[in-house]
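The next block holds one structure in the form of structure tokens; read it before the comments.
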Amino acid sequence: MHELSIAMSIVDIASRKADEASAEKVTLVELDIGIMSGIEFISLEFALSVAVKDSILEGTRFKINRIEPLCECSSCNHLYTPGQDFGACPECGKQEIEFIRGKELQIKSLLIDQKE
Amino acid sequence: MCDTCGCGQEGNPVRISRPGETDLHQDHSHNHDHDQNNSHTHDSVHSHDHSHDHPHQKMIRIEEDILGKNNLLASRNSGFFEAKDIVALNLMSSPGSGKTTLLERTIEAVKESRKLAVIEGDQQTMNDAERIHRTGVPVVQINTGNGCHLDAEMIHRAVKKLDPPQESILFIENVGNLVCPSLFELGEKSRIVIISVTEGDDKPLKYPTMFQQAQVCIINKIDLLPYVDFNMEKARENALAVNPKLELFELSAKTGEGMDHWIQWILTREP
Ligand SMILES: Nc1nc2c(ncn2[C@@H]2O[C@H](COP(=O)(O)OP(=O)(O)OP(=O)(O)O)[C@@H](O)[C@H]2O)c(=O)[nH]1
Ligand SMILES: [Mg+2]
Ligand SMILES: [Zn+2]
Ligand SMILES: [Zn+2]
Ligand SMILES: [Zn+2]
Ligand SMILES: [Zn+2]
């Protein structure tokens, strides 16, 4: 369950940023998580619910954007969505896959209530 | 608690020890602020009579890599390895694919010509470190407790304890798992993923992240090919579909068949 270490990092980073911005409350945390990042989404959601305990993120909503994979053929630069079998480039038939999207593991933004 | 290596987790300490050592906590010299008893009294009596238009709501852009802290520690490790001309290799596989056996055989074959050191990673037991210890090569064991992968901080601590010699090859055997270890950079020079023919030839398609991050893929236990339904052609195809740059080796760590190419690869590693 590496999702727990991932969730703890998210809480860590978001809490620090919230603190720096004198947040009273964090309403929303927006994440970009790639389908190909090696994260199990259900496990992450569960891990987050555990990791927020006793932090400023308790009660915060997490918006998780699932980033679909996109790859580029290094041979002909064609962009395509890889299938389950990571098959050859539909344009030139070469097997030179390069992922340009789908491995994201990023905290995008926070929505906070600032202290008066 | 410390979220990089989980060392603050109650009842789940990461331990780093040499074979024969009894006091398992002696090197745990970490003193980051774990902030255990933050007296969160939640006494901000939110009188819920403010108008619900949230005047001081604010959006903050962050765009920070969730694994940033680990990656930073990993690049520190890699800087240390570079400074000492150490080649660090991260070996990953499902449980039981033959990482330790391959290491034992590899050590036998190259220990006369190269300086070696090993970091073993397992949730529990010193078994693998004991096996490596018998080859005469310096080794430390990381026990991750419930942790399913090694991370850069654990390697940093293990390296301090192991003190691998200048110009050595440092083998790191990761926790047996094809998912989690692929997310955590350790500062290694190359990543090596091992599958065995008893596992099925579609492993690369099922665990693409692991195979995409690796530079080398070893297909082990080829001595068992006559007894299992494993299509070698298909396995190679699948591995290369996921990562066309993968360097592939087919071998048996048990019989030694195919080991020569792999040993050649090891002997030509330069920092
Ligand atoms: N037939 C055969 N058996 C092998 C080969 N390599 C390893 N084994 C056996 O596979 C079993 C597991 O091997 P290990 O080397 O302990 O595997 P590991 O990947 O280190 O296992 P964990 O550390 O538990 O994840 C042992 O019984 C080995 O003897 C091989 O090439 N052929
Ligand atoms: Mg082992
Ligand atoms: Zn995991
Ligand atoms: Zn193409
Ligand atoms: Zn730690
Ligand atoms: Zn620590």
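To be explicit about the labels: the chains of the structure tokens are called A, B, and onward in the order shown, and within each one the residues are counted from 1, while ligands get numbers from 1 in the order they are shown.
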> Using only C-alpha atoms and all ligand atoms, what are the residues with an atom within 9 Å of ligand 2, set out as number ranges by chain?
Replying inline: B: 95-101, 103, 120-122, 127-129, 173-176
Save out the residues we just selected, C-alpha atoms, as a PDB file, in the first residue's frame.
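File written: again_24.pdb
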```pdb
ATOM      1  CA  PRO B  95       8.206 -12.035  -4.434  1.00  0.00           C
ATOM      2  CA  GLY B  96      10.263 -15.109  -5.238  1.00  0.00           C
ATOM      3  CA  SER B  97      11.311 -14.365  -8.833  1.00  0.00           C
ATOM      4  CA  GLY B  98      14.901 -15.017  -7.865  1.00  0.00           C
ATOM      5  CA  LYS B  99      16.499 -11.687  -6.932  1.00  0.00           C
ATOM      6  CA  THR B 100      18.613 -13.062  -4.095  1.00  0.00           C
ATOM      7  CA  THR B 101      19.611 -16.202  -6.004  1.00  0.00           C
ATOM      8  CA  LEU B 103      22.677 -11.847  -6.632  1.00  0.00           C
ATOM      9  CA  GLU B 120      18.700  -6.006   1.058  1.00  0.00           C
ATOM     10  CA  GLY B 121      15.098  -4.874   1.413  1.00  0.00           C
ATOM     11  CA  ASP B 122      12.340  -7.013   2.918  1.00  0.00           C
ATOM     12  CA  ASN B 127      17.267 -14.103   5.674  1.00  0.00           C
ATOM     13  CA  ASP B 128      18.395 -12.488   2.452  1.00  0.00           C
ATOM     14  CA  ALA B 129      21.147 -10.498   4.175  1.00  0.00           C
ATOM     15  CA  GLU B 173      17.393  -5.727  -3.692  1.00  0.00           C
ATOM     16  CA  ASN B 174      14.010  -4.035  -3.376  1.00  0.00           C
ATOM     17  CA  VAL B 175      10.998  -5.434  -1.538  1.00  0.00           C
ATOM     18  CA  GLY B 176       9.292  -8.149  -3.635  1.00  0.00           C
TER      19      GLY B 176
END
```
>> What are the residues of chain A lining chain B at 7 Å or less? Count only C-alpha atoms, and put the answer as a ChimeraX atom specification.
In response: /A:1-2,5-6,8-10,36-38,54,85-87,95-97,105-114
> Which parts of chain A does DSSP call strand (DSSP E or B) when run on the backbone here, written out as a count of residues only?
Replying inline: 40
>> Neighbours of ligand 4 at 6 Å or closer, counting only C-alpha atoms and all ligand atoms: which residues, as number ranges by chain?
In response: A: 73, 75-76, 78, 89, 91-94
>> Using Å and a single decimal, report how far CA of Gly187 (chain B) sits from CA of Gly136 (chain B).
In response: 25.0 Å
> Could you work out how far CA of Leu251 (chain B) lies from CA of Cys217 (chain B), giving the answer in Å with one decimal?
Replying inline: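 The value is 10.8 Å.
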> Could you write out, as a PyMOL selection string, all the residues of region 8-46 of chain A that DSSP marks as alpha helix (DSSP H)?
Replying inline: chain A and resi 8-20+41-46
